[in-house]
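Each remark here refers to the structure printed beneath this line.
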Amino acid sequence: MAPLVRRSLAIAGQTPMIRPRAKHRQKVSVIAALFRSPRTGRGRLVHELFIDQYVNDFSYAEFLQERVLRGSRRRLILVHDGAPLHRGLWTQEVVEDFYPKLEVFQFPAYAPELNPVEQLWSWTKHKQLANFVPDDLGQLAAATEHVVALAEHDPHRLQAFFNAGDLPW
């Protein structure tokens, strides 16, 4: 709930004060998957919000199964970082259930610049929600949903997330 404070264009000597009003331990967690079609090159984003919850192996595996894999007729290549939830038992079970339709690769250790989803998080936190002070958890959830939905419906922005890294997507 604490805002990410960024430089503002305030008048010199009149620094704006940001006073969070909500409980600081409350949070909104988000899972997202960015897709890129090998034929058309178009990007697509799916996401899910978790209000006042952590994302764990079970919730990630459920997201992967229900939002990413279910209903897909094509073979998919999943590339994710080395977070423990990406290597957990529930996730491994989903990967095994969808093999050979799903092939999994891992980014190198600590390489956020290669991961397009990290570009989404950076854009969301450092640009769109910088200096945003929500009154409560509902307002933070609504603002987060709105910003991620903006990216979801902007094909140029999605392409920019892929282009920001050094990989030839």
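Residue numbering restarts at 1 in every chain; chains get A, B, ... in the order shown in the structure tokens, and ligands count up from 1 in that same order.
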
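The environment of Phe35 of chain A within 9 Å, counting only C-alpha atoms and disregarding residues fewer than 3 places along the same chain, consists of Arg42, Gly43, Arg44, Leu45 and Val46 of chain A.
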
Practice prompt. Report the residues of chain A whose backbone DSSP state falls under helix (DSSP H, G or I), written as a PyMOL selection string.
Written response: chain A and resi 57-69+84-87+89-98+112-114+116-128+137-152+155-163

Discussion item. DSSP on the backbone, strand (DSSP E) only: what residues of chain A does that give? Format it as a ChimeraX atom specification.
Written reply: /A:28-36,43-51,76-80,102-106

Generate the output file for the selected residues, N, CA and C atoms, as an mmCIF file, in the first residue's frame.
data_model
loop_
_atom_site.group_PDB
_atom_site.id
_atom_site.type_symbol
_atom_site.label_atom_id
_atom_site.label_comp_id
_atom_site.auth_asym_id
_atom_site.auth_seq_id
_atom_site.Cartn_x
_atom_site.Cartn_y
_atom_site.Cartn_z
ATOM 1 N N VAL A 28 -1.797 -5.909 -3.334
ATOM 2 C CA VAL A 28 -2.442 -6.521 -4.489
ATOM 3 C C VAL A 28 -1.334 -7.213 -5.262
ATOM 4 N N SER A 29 -1.476 -8.515 -5.433
ATOM 5 C CA SER A 29 -0.508 -9.288 -6.212
ATOM 6 C C SER A 29 -1.131 -9.582 -7.563
ATOM 7 N N VAL A 30 -0.287 -9.667 -8.585
ATOM 8 C CA VAL A 30 -0.776 -9.904 -9.947
ATOM 9 C C VAL A 30 0.069 -10.985 -10.608
ATOM 10 N N ILE A 31 -0.602 -11.893 -11.303
ATOM 11 C CA ILE A 31 0.070 -12.856 -12.175
ATOM 12 C C ILE A 31 -0.267 -12.434 -13.593
ATOM 13 N N ALA A 32 0.707 -12.527 -14.491
ATOM 14 C CA ALA A 32 0.440 -12.200 -15.887
ATOM 15 C C ALA A 32 1.233 -13.124 -16.797
ATOM 16 N N ALA A 33 0.682 -13.335 -17.975
ATOM 17 C CA ALA A 33 1.371 -14.090 -19.020
ATOM 18 C C ALA A 33 1.254 -13.295 -20.312
ATOM 19 N N LEU A 34 2.380 -13.082 -20.943
ATOM 20 C CA LEU A 34 2.417 -12.415 -22.250
ATOM 21 C C LEU A 34 2.653 -13.473 -23.313
ATOM 22 N N PHE A 35 1.847 -13.431 -24.358
ATOM 23 C CA PHE A 35 1.967 -14.371 -25.465
ATOM 24 C C PHE A 35 2.390 -13.620 -26.707
ATOM 25 N N ARG A 36 3.060 -14.328 -27.587
ATOM 26 C CA ARG A 36 3.388 -13.753 -28.891
ATOM 27 C C ARG A 36 3.175 -14.835 -29.928
ATOM 28 N N GLY A 43 0.971 -9.636 -29.883
ATOM 29 C CA GLY A 43 1.050 -9.977 -28.478
ATOM 30 C C GLY A 43 -0.332 -10.074 -27.851
ATOM 31 N N ARG A 44 -0.398 -10.839 -26.768
ATOM 32 C CA ARG A 44 -1.631 -10.970 -25.995
ATOM 33 C C ARG A 44 -1.241 -11.092 -24.532
ATOM 34 N N LEU A 45 -2.076 -10.566 -23.672
ATOM 35 C CA LEU A 45 -1.804 -10.572 -22.233
ATOM 36 C C LEU A 45 -3.010 -11.133 -21.499
ATOM 37 N N VAL A 46 -2.761 -12.032 -20.559
ATOM 38 C CA VAL A 46 -3.789 -12.466 -19.618
ATOM 39 C C VAL A 46 -3.228 -12.242 -18.220
ATOM 40 N N HIS A 47 -4.098 -11.905 -17.292
ATOM 41 C CA HIS A 47 -3.639 -11.627 -15.939
ATOM 42 C C HIS A 47 -4.718 -11.984 -14.931
ATOM 43 N N GLU A 48 -4.304 -12.028 -13.679
ATOM 44 C CA GLU A 48 -5.236 -12.283 -12.581
ATOM 45 C C GLU A 48 -4.742 -11.540 -11.344
ATOM 46 N N LEU A 49 -5.656 -10.885 -10.642
ATOM 47 C CA LEU A 49 -5.325 -10.156 -9.429
ATOM 48 C C LEU A 49 -5.625 -11.005 -8.203
ATOM 49 N N PHE A 50 -4.799 -10.849 -7.186
ATOM 50 C CA PHE A 50 -4.994 -11.500 -5.899
ATOM 51 C C PHE A 50 -4.982 -10.408 -4.848
ATOM 52 N N ILE A 51 -6.133 -10.126 -4.280
ATOM 53 C CA ILE A 51 -6.255 -9.020 -3.337
ATOM 54 C C ILE A 51 -5.913 -9.493 -1.926
ATOM 55 N N LEU A 76 2.601 -24.674 -27.023
ATOM 56 C CA LEU A 76 3.055 -23.454 -26.363
ATOM 57 C C LEU A 76 4.457 -23.644 -25.806
ATOM 58 N N ILE A 77 5.203 -22.569 -25.852
ATOM 59 C CA ILE A 77 6.511 -22.537 -25.206
ATOM 60 C C ILE A 77 6.393 -21.541 -24.062
ATOM 61 N N LEU A 78 6.657 -21.997 -22.858
ATOM 62 C CA LEU A 78 6.576 -21.158 -21.660
ATOM 63 C C LEU A 78 7.991 -20.813 -21.222
ATOM 64 N N VAL A 79 8.246 -19.520 -21.086
ATOM 65 C CA VAL A 79 9.545 -19.061 -20.601
ATOM 66 C C VAL A 79 9.277 -18.249 -19.345
ATOM 67 N N HIS A 80 9.856 -18.673 -18.242
ATOM 68 C CA HIS A 80 9.671 -17.907 -17.008
ATOM 69 C C HIS A 80 10.971 -17.857 -16.218
ATOM 70 N N LEU A 102 3.122 -28.434 -24.071
ATOM 71 C CA LEU A 102 3.807 -27.335 -23.396
ATOM 72 C C LEU A 102 5.284 -27.664 -23.234
ATOM 73 N N GLU A 103 6.120 -26.757 -23.672
ATOM 74 C CA GLU A 103 7.555 -26.887 -23.478
ATOM 75 C C GLU A 103 7.996 -25.721 -22.598
ATOM 76 N N VAL A 104 8.814 -25.997 -21.590
ATOM 77 C CA VAL A 104 9.180 -24.981 -20.600
ATOM 78 C C VAL A 104 10.675 -24.676 -20.665
ATOM 79 N N PHE A 105 10.996 -23.390 -20.652
ATOM 80 C CA PHE A 105 12.372 -22.911 -20.583
ATOM 81 C C PHE A 105 12.449 -21.903 -19.449
ATOM 82 N N GLN A 106 13.647 -21.747 -18.909
ATOM 83 C CA GLN A 106 13.840 -20.792 -17.823
ATOM 84 C C GLN A 106 14.830 -19.712 -18.245
#

Fill in: Spatial neighbours of Leu69 of chain A, max dist 10 Å, only C-alpha atoms, sep filter under 5 positions, as a ChimeraX atom specification
/A:62-64,74-76,94-95,98,101-102

Fill in: Contact residues around Phe107 of chain A with only C-alpha atoms at 8 Å, ignoring same-chain residues under 4 positions, as a ChimeraX atom specification
/A:79-82,111,114-115
